[in-house]
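K.L.:
As input, take coords.csv (CSV, C-alpha atoms and all ligand atoms):
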chain,number,residue,atom,x,y,z
A,1256,MET,CA,17.1,10.5,8.7
A,1257,ILE,CA,15.4,10.6,5.3
A,1258,ASP,CA,12.5,12.9,4.7
A,1259,CYS,CA,9.8,10.4,3.7
A,1260,LEU,CA,6.0,10.9,3.9
A,1261,PHE,CA,5.1,7.3,4.5
A,1262,CYS,CA,7.9,6.8,7.1
A,1263,LYS,CA,6.2,9.8,8.9
A,1264,ILE,CA,2.8,8.3,8.6
A,1265,ALA,CA,4.1,5.0,10.0
A,1266,GLY,CA,5.8,6.8,12.8
A,1267,GLY,CA,2.7,8.9,13.6
A,1268,GLN,CA,4.3,12.3,12.6
A,1269,ARG,CA,1.9,12.8,9.8
A,1270,PRO,CA,-1.9,12.1,10.0
A,1271,ALA,CA,-3.6,9.3,8.1
A,1272,LYS,CA,-6.7,7.2,8.4
A,1273,ILE,CA,-4.9,4.1,9.7
A,1274,ILE,CA,-6.9,0.9,9.6
A,1275,TYR,CA,-4.2,-1.7,10.4
A,1276,ARG,CA,-1.0,-1.7,12.4
A,1277,SER,CA,1.5,-4.4,13.4
A,1278,SER,CA,5.1,-4.1,14.5
A,1279,ASP,CA,6.3,-4.0,10.9
A,1280,VAL,CA,3.3,-3.3,8.6
A,1281,VAL,CA,0.8,-0.3,8.5
A,1282,ALA,CA,-2.2,0.3,6.3
A,1283,PHE,CA,-4.2,3.5,5.8
A,1284,HIS,CA,-6.7,5.0,3.4
A,1285,ASP,CA,-5.3,6.6,0.3
A,1286,ILE,CA,-5.8,10.4,0.4
A,1287,SER,CA,-7.0,10.4,-3.3
A,1288,PRO,CA,-9.0,7.3,-3.8
A,1289,GLN,CA,-9.2,5.8,-7.3
A,1290,ALA,CA,-11.9,3.3,-6.3
A,1291,PRO,CA,-14.6,3.1,-3.7
A,1292,THR,CA,-12.0,1.2,-1.5
A,1293,HIS,CA,-8.4,2.4,-1.9
A,1294,ILE,CA,-6.0,1.4,0.9
A,1295,LEU,CA,-2.2,1.5,1.0
A,1296,VAL,CA,-0.2,-1.2,2.8
A,1297,ILE,CA,3.4,-0.2,3.7
A,1298,PRO,CA,6.3,-1.7,5.7
A,1299,VAL,CA,7.3,0.4,8.7
A,1300,LYS,CA,10.9,0.0,7.6
A,1301,HIS,CA,11.8,2.4,4.7
A,1302,ILE,CA,12.2,0.5,1.4
A,1303,ALA,CA,12.2,2.9,-1.5
A,1304,SER,CA,10.5,0.7,-4.0
A,1305,ALA,CA,10.1,-2.9,-5.1
A,1306,ARG,CA,13.5,-2.6,-6.7
A,1307,GLU,CA,15.1,-2.2,-3.3
A,1308,VAL,CA,13.5,-5.4,-1.9
A,1309,GLN,CA,16.2,-7.9,-0.8
A,1310,SER,CA,16.0,-11.6,0.0
A,1311,GLY,CA,16.0,-10.8,3.7
A,1312,ASP,CA,12.8,-8.9,3.2
A,1313,ALA,CA,10.9,-12.0,2.0
A,1314,ASP,CA,9.0,-12.6,5.4
A,1315,LEU,CA,8.1,-8.9,5.6
A,1316,ILE,CA,6.7,-8.9,2.1
A,1317,GLY,CA,4.7,-12.0,2.9
A,1318,ARG,CA,3.3,-10.3,6.0
A,1319,MET,CA,2.4,-7.2,3.8
A,1320,ILE,CA,0.5,-9.4,1.4
A,1321,THR,CA,-1.2,-11.4,4.2
A,1322,ALA,CA,-2.3,-8.2,5.8
A,1323,ALA,CA,-3.6,-6.9,2.5
A,1324,VAL,CA,-5.7,-10.0,1.9
A,1325,GLN,CA,-7.1,-9.8,5.5
A,1326,ILE,CA,-7.9,-6.1,5.0
A,1327,ALA,CA,-9.7,-6.9,1.7
A,1328,LYS,CA,-11.8,-9.4,3.6
A,1329,GLU,CA,-12.6,-6.9,6.3
A,1330,GLN,CA,-13.6,-4.4,3.7
A,1331,ASN,CA,-16.0,-6.9,2.2
A,1332,LEU,CA,-14.4,-7.0,-1.2
A,1333,ASP,CA,-16.1,-10.3,-1.9
A,1334,ARG,CA,-16.4,-9.7,-5.6
A,1335,GLY,CA,-12.6,-9.3,-5.9
A,1336,TYR,CA,-10.0,-6.5,-5.9
A,1337,ARG,CA,-6.7,-5.5,-7.3
A,1338,PHE,CA,-3.2,-5.2,-5.6
A,1339,VAL,CA,-0.9,-2.8,-7.4
A,1340,ILE,CA,2.8,-1.9,-6.7
A,1341,ASN,CA,3.8,1.0,-8.9
A,1342,THR,CA,7.6,1.0,-9.3
A,1343,GLY,CA,9.8,3.8,-10.7
A,1344,SER,CA,8.8,6.6,-13.0
A,1345,ASP,CA,7.4,4.4,-15.9
A,1346,GLY,CA,5.5,2.4,-13.2
A,1347,GLY,CA,3.8,5.6,-12.0
A,1348,GLN,CA,5.4,5.6,-8.5
A,1349,SER,CA,5.0,9.0,-6.9
A,1350,VAL,CA,5.9,8.2,-3.2
A,1351,ASP,CA,9.3,6.5,-2.8
A,1352,HIS,CA,8.4,4.2,0.0
A,1353,LEU,CA,7.2,0.7,-1.0
A,1354,HIS,CA,3.4,0.3,-0.9
A,1355,ILE,CA,0.7,-2.1,-2.1
A,1356,HIS,CA,-2.4,-0.4,-3.3
A,1357,ILE,CA,-5.6,-2.3,-2.5
A,1358,LEU,CA,-8.3,-1.2,-5.0
A,1359,GLY,CA,-11.8,-2.5,-4.9
A,1360,GLY,CA,-15.5,-1.8,-5.0
A,1361,ARG,CA,-15.8,-1.4,-8.7
A,1362,GLN,CA,-15.0,-3.4,-11.9
A,1363,MET,CA,-11.3,-3.1,-12.8
A,1364,ARG,CA,-10.2,-2.8,-16.4
A,1365,TRP,CA,-7.3,-4.4,-18.3
A,1366,PRO,CA,-4.9,-3.2,-19.5
A,1367,PRO,CA,-4.3,-0.6,-16.8
A,1368,GLY,CA,-3.5,2.9,-17.9
B,1401,LIG,P1,2.1,5.7,-6.1
B,1401,LIG,O1,1.7,6.8,-7.1
B,1401,LIG,O2,1.9,4.3,-6.5
B,1401,LIG,O3,3.5,6.0,-5.5
B,1401,LIG,O4,1.1,5.9,-4.9
B,1401,LIG,C1,1.2,6.9,-3.9
B,1401,LIG,C2,-0.2,7.0,-3.4
B,1401,LIG,O5,-0.1,7.8,-2.1
B,1401,LIG,C3,-1.2,7.8,-4.2
B,1401,LIG,O6,-2.3,7.0,-4.5
B,1401,LIG,C4,-1.5,9.0,-3.4
B,1401,LIG,O7,-2.9,9.4,-3.5
B,1401,LIG,C5,-1.2,8.5,-2.0
B,1401,LIG,N1,-0.9,9.6,-1.0
B,1401,LIG,C6,-0.1,10.6,-1.2
B,1401,LIG,N2,0.0,11.4,0.0
B,1401,LIG,C7,-0.8,10.7,0.9
B,1401,LIG,C8,-1.2,10.9,2.2
B,1401,LIG,N3,-0.7,12.0,2.9
B,1401,LIG,N4,-2.0,10.1,2.8
B,1401,LIG,C9,-2.5,9.0,2.2
B,1401,LIG,N5,-2.2,8.7,0.9
B,1401,LIG,C10,-1.4,9.6,0.2
B,1402,ZN,ZN,10.0,5.9,4.0
Taking this structure as input, can you express it in the form of structure tokens?
Ligand code: AMP
Ligand code: ZN

P.N.:
Amino acid sequence: MIDCLFCKIAGGQRPAKIIYRSSDVVAFHDISPQAPTHILVIPVKHIASAREVQSGDADLIGRMITAAVQIAKEQNLDRGYRFVINTGSDGGQSVDHLHIHILGGRQMRWPPG
């Protein structure tokens, strides 16, 4: 059993403001929001990062993105939003469990920091 914060949130062993749950995808509010809306979408299954995604995960990744789009709609992000998947140390990943950031409610800038 690996010691993983997001596995524990998905399993209910750590608290989070969960806003979406299916059998294999969970979404909750980021504890340190970087935009007026900042939500994380994770697979229930432990996948350490985008680098560990395998071809058999294609449907699961599709369901994560579909859930993220639905959540963005429900959060009224009509003016747009940004999905981010930080990967590895250069990518700025700090929690080693795959997650999509949904960021919205303000103008995003490019290039990102
Ligand atoms: P990343 O840096 O891309 O790995 O993103 C990890 C995100 O998880 C950061 O935005 C953190 O603020 C967020 N985070 C860390 N701990 C928690 C927690 N207990 N509940 C909700 N979000 C968290
Ligand atoms: Zn995990």

K.L.:
Nearest to A:Ser1278 among A:Leu1315, A:Ala1303, A:Met1363, A:Ile1294, with distances taken over all atoms listed in the file: which residue is it?

P.N.:
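Nearest candidate to A:Ser1278 out of A:Leu1315, A:Ala1303, A:Met1363, A:Ile1294: A:Leu1315.
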
K.L.:
At a cut-off of 6 Å around ligand ZN 1402 (chain B), and using all atoms listed in the file, what residues come up? Please write them as a VMD selection string.

P.N.:
chain A and resid 1259 1261 to 1262 1301 1352

K.L.:
If you take all atoms listed in the file and a cut-off of 12 Å, which residues of stretch 1299-1321 of chain A touch stretch 1329-1340 of chain A, and what are their nearest atom pairs and distances in Å to one decimal, in chain and number order, as a tab-separated table?

P.N.:
residue	atom	partner	partner_atom	distance
A:Ala1303	CA	A:Ile1340	CA	11.8
A:Ser1304	CA	A:Ile1340	CA	8.6
A:Ala1305	CA	A:Ile1340	CA	7.5
A:Arg1306	CA	A:Ile1340	CA	10.7
A:Ile1316	CA	A:Ile1340	CA	11.9
A:Met1319	CA	A:Phe1338	CA	11.1
A:Ile1320	CA	A:Phe1338	CA	9.0
A:Thr1321	CA	A:Phe1338	CA	11.8

K.L.:
Taking only C-alpha atoms and all ligand atoms into account, which of A:Asp1351, A:Asp1279, A:Glu1307, A:Asp1345 comes nearest ligand LIG 1401 (chain B)?

P.N.:
A:Asp1351

K.L.:
May I have the residues within 12 Å of A:Ile1286 as a PyMOL selection string, using only C-alpha atoms and disregarding those fewer than 6 positions away in the same chain?

P.N.:
chain A and resi 1270-1273+1292-1295+1356

K.L.:
Given the selection you just returned, output its residues as a file containing C-alpha atoms, formatted as a PDB file, keeping the file's coordinate frame.

P.N.:
ATOM      1  CA  PRO A1270      -1.900  12.100  10.000  1.00  0.00           C
ATOM      2  CA  ALA A1271      -3.600   9.300   8.100  1.00  0.00           C
ATOM      3  CA  LYS A1272      -6.700   7.200   8.400  1.00  0.00           C
ATOM      4  CA  ILE A1273      -4.900   4.100   9.700  1.00  0.00           C
ATOM      5  CA  THR A1292     -12.000   1.200  -1.500  1.00  0.00           C
ATOM      6  CA  HIS A1293      -8.400   2.400  -1.900  1.00  0.00           C
ATOM      7  CA  ILE A1294      -6.000   1.400   0.900  1.00  0.00           C
ATOM      8  CA  LEU A1295      -2.200   1.500   1.000  1.00  0.00           C
ATOM      9  CA  HIS A1356      -2.400  -0.400  -3.300  1.00  0.00           C
TER      10      HIS A1356
END

K.L.:
Suppose you want the space between atom CA of A:Pro1367 and atom C6 of ligand LIG 1401 (chain B); what is it in Å?

P.N.:
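Between these atoms lies a distance of 19.7 Å.
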
K.L.:
Considering all atoms listed in the file, tabulate each residue of chain A that lies at most 6 Å from ligand LIG 1401 (chain B) along with its nearest interatomic pair and the corresponding distance in Å to one decimal; arrange the rows by chain and ascending residue number and present them as a Markdown table.

P.N.:
| residue | atom | partner | partner_atom | distance |
| --- | --- | --- | --- | --- |
| A:Ala1271 | CA | B:LIG1401 | N4 | 5.6 |
| A:His1284 | CA | B:LIG1401 | C9 | 5.9 |
| A:Asp1285 | CA | B:LIG1401 | N5 | 3.8 |
| A:Ile1286 | CA | B:LIG1401 | C9 | 4.0 |
| A:Ser1287 | CA | B:LIG1401 | O7 | 4.2 |
| A:Asn1341 | CA | B:LIG1401 | O2 | 4.5 |
| A:Gly1347 | CA | B:LIG1401 | O1 | 5.5 |
| A:Gln1348 | CA | B:LIG1401 | O3 | 3.6 |
| A:Ser1349 | CA | B:LIG1401 | O3 | 3.6 |
| A:Val1350 | CA | B:LIG1401 | O3 | 4.0 |

K.L.:
Pull the neighbourhood of (0.9, -4.9, 14.2) for me: all residues within 12 Å in file coordinates, counting all atoms listed in the file, as an MDAnalysis selection string.

P.N.:
chainID A and resid 1265 1273:1282 1297:1299 1315 1318:1319 1322

K.L.:
Take atom CA of A:Gly1368 and atom CA of A:Gln1309 and report the distance between them in Å, one decimal.

P.N.:
28.2 Å

K.L.:
Closest to A:Ile1326 among A:Ala1313, A:Ile1357, A:Ala1290, A:Ile1302, using only C-alpha atoms?

P.N.:
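When distances to A:Ile1326 are compared using only C-alpha atoms, the smallest one comes from A:Ile1357.
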
K.L.:
Smallest atom-to-atom distance to A:Pro1288: which of A:Gly1317, A:Pro1366, A:Gly1346, A:Gly1359, using all atoms listed in the file?

P.N.:
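Checking each candidate against A:Pro1288, we get A:Gly1359 as the closest.
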
K.L.:
What is the distance between atom CA of A:Gly1360 and atom CA of A:Arg1269, in Å to one decimal?

P.N.:
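Going from atom CA of A:Gly1360 over to atom CA of A:Arg1269, I get 27.1 Å.
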
K.L.:
Since the input has fewer atoms than a full residue there, write stretch 1338-1356 of chain A out with N, CA, C and O atoms, as a PDB file, keeping the file's coordinate frame.

P.N.:
ATOM      1  N   PHE A1338      -4.434  -5.718  -6.329  1.00  0.00           N
ATOM      2  CA  PHE A1338      -3.200  -5.200  -5.600  1.00  0.00           C
ATOM      3  C   PHE A1338      -2.324  -4.630  -6.709  1.00  0.00           C
ATOM      4  O   PHE A1338      -2.112  -5.245  -7.760  1.00  0.00           O
ATOM      5  N   VAL A1339      -1.776  -3.459  -6.429  1.00  0.00           N
ATOM      6  CA  VAL A1339      -0.900  -2.800  -7.400  1.00  0.00           C
ATOM      7  C   VAL A1339       0.363  -2.310  -6.635  1.00  0.00           C
ATOM      8  O   VAL A1339       0.252  -1.747  -5.533  1.00  0.00           O
ATOM      9  N   ILE A1340       1.535  -2.526  -7.237  1.00  0.00           N
ATOM     10  CA  ILE A1340       2.800  -1.900  -6.700  1.00  0.00           C
ATOM     11  C   ILE A1340       3.425  -1.170  -7.858  1.00  0.00           C
ATOM     12  O   ILE A1340       4.110  -1.750  -8.716  1.00  0.00           O
ATOM     13  N   ASN A1341       3.169   0.128  -7.915  1.00  0.00           N
ATOM     14  CA  ASN A1341       3.800   1.000  -8.900  1.00  0.00           C
ATOM     15  C   ASN A1341       5.294   1.093  -8.572  1.00  0.00           C
ATOM     16  O   ASN A1341       5.641   1.300  -7.405  1.00  0.00           O
ATOM     17  N   THR A1342       6.142   0.986  -9.593  1.00  0.00           N
ATOM     18  CA  THR A1342       7.600   1.000  -9.300  1.00  0.00           C
ATOM     19  C   THR A1342       8.322   1.844 -10.342  1.00  0.00           C
ATOM     20  O   THR A1342       8.233   1.618 -11.555  1.00  0.00           O
ATOM     21  N   GLY A1343       9.005   2.867  -9.830  1.00  0.00           N
ATOM     22  CA  GLY A1343       9.800   3.800 -10.700  1.00  0.00           C
ATOM     23  C   GLY A1343       8.911   4.680 -11.519  1.00  0.00           C
ATOM     24  O   GLY A1343       7.678   4.660 -11.417  1.00  0.00           O
ATOM     25  N   SER A1344       9.541   5.515 -12.338  1.00  0.00           N
ATOM     26  CA  SER A1344       8.800   6.600 -13.000  1.00  0.00           C
ATOM     27  C   SER A1344       7.852   5.955 -14.108  1.00  0.00           C
ATOM     28  O   SER A1344       6.684   6.340 -14.190  1.00  0.00           O
ATOM     29  N   ASP A1345       8.308   5.002 -14.895  1.00  0.00           N
ATOM     30  CA  ASP A1345       7.400   4.400 -15.900  1.00  0.00           C
ATOM     31  C   ASP A1345       6.281   3.630 -15.184  1.00  0.00           C
ATOM     32  O   ASP A1345       5.176   3.512 -15.723  1.00  0.00           O
ATOM     33  N   GLY A1346       6.548   3.130 -13.991  1.00  0.00           N
ATOM     34  CA  GLY A1346       5.500   2.400 -13.200  1.00  0.00           C
ATOM     35  C   GLY A1346       4.503   3.315 -12.580  1.00  0.00           C
ATOM     36  O   GLY A1346       3.518   2.836 -12.022  1.00  0.00           O
ATOM     37  N   GLY A1347       4.764   4.628 -12.616  1.00  0.00           N
ATOM     38  CA  GLY A1347       3.800   5.600 -12.000  1.00  0.00           C
ATOM     39  C   GLY A1347       3.982   5.776 -10.542  1.00  0.00           C
ATOM     40  O   GLY A1347       3.061   6.269  -9.874  1.00  0.00           O
ATOM     41  N   GLN A1348       5.148   5.417  -9.995  1.00  0.00           N
ATOM     42  CA  GLN A1348       5.400   5.600  -8.500  1.00  0.00           C
ATOM     43  C   GLN A1348       5.580   7.051  -8.222  1.00  0.00           C
ATOM     44  O   GLN A1348       6.412   7.715  -8.847  1.00  0.00           O
ATOM     45  N   SER A1349       4.821   7.563  -7.235  1.00  0.00           N
ATOM     46  CA  SER A1349       5.000   9.000  -6.900  1.00  0.00           C
ATOM     47  C   SER A1349       5.481   9.149  -5.431  1.00  0.00           C
ATOM     48  O   SER A1349       5.946  10.232  -5.074  1.00  0.00           O
ATOM     49  N   VAL A1350       5.387   8.122  -4.606  1.00  0.00           N
ATOM     50  CA  VAL A1350       5.900   8.200  -3.200  1.00  0.00           C
ATOM     51  C   VAL A1350       6.985   7.076  -3.124  1.00  0.00           C
ATOM     52  O   VAL A1350       6.681   5.894  -3.329  1.00  0.00           O
ATOM     53  N   ASP A1351       8.206   7.486  -2.796  1.00  0.00           N
ATOM     54  CA  ASP A1351       9.300   6.500  -2.800  1.00  0.00           C
ATOM     55  C   ASP A1351       9.454   5.779  -1.488  1.00  0.00           C
ATOM     56  O   ASP A1351      10.484   5.849  -0.801  1.00  0.00           O
ATOM     57  N   HIS A1352       8.390   5.084  -1.133  1.00  0.00           N
ATOM     58  CA  HIS A1352       8.400   4.200   0.000  1.00  0.00           C
ATOM     59  C   HIS A1352       7.425   3.048  -0.438  1.00  0.00           C
ATOM     60  O   HIS A1352       6.253   3.312  -0.746  1.00  0.00           O
ATOM     61  N   LEU A1353       7.955   1.831  -0.489  1.00  0.00           N
ATOM     62  CA  LEU A1353       7.200   0.700  -1.000  1.00  0.00           C
ATOM     63  C   LEU A1353       5.763   0.659  -0.448  1.00  0.00           C
ATOM     64  O   LEU A1353       5.556   0.852   0.754  1.00  0.00           O
ATOM     65  N   HIS A1354       4.793   0.440  -1.324  1.00  0.00           N
ATOM     66  CA  HIS A1354       3.400   0.300  -0.900  1.00  0.00           C
ATOM     67  C   HIS A1354       2.620  -0.554  -1.841  1.00  0.00           C
ATOM     68  O   HIS A1354       2.838  -0.512  -3.045  1.00  0.00           O
ATOM     69  N   ILE A1355       1.698  -1.316  -1.267  1.00  0.00           N
ATOM     70  CA  ILE A1355       0.700  -2.100  -2.100  1.00  0.00           C
ATOM     71  C   ILE A1355      -0.572  -1.301  -2.042  1.00  0.00           C
ATOM     72  O   ILE A1355      -1.093  -0.971  -0.971  1.00  0.00           O
ATOM     73  N   HIS A1356      -1.083  -0.974  -3.229  1.00  0.00           N
ATOM     74  CA  HIS A1356      -2.400  -0.400  -3.300  1.00  0.00           C
ATOM     75  C   HIS A1356      -3.424  -1.560  -3.260  1.00  0.00           C
ATOM     76  O   HIS A1356      -3.279  -2.544  -3.993  1.00  0.00           O
TER      77      HIS A1356
END
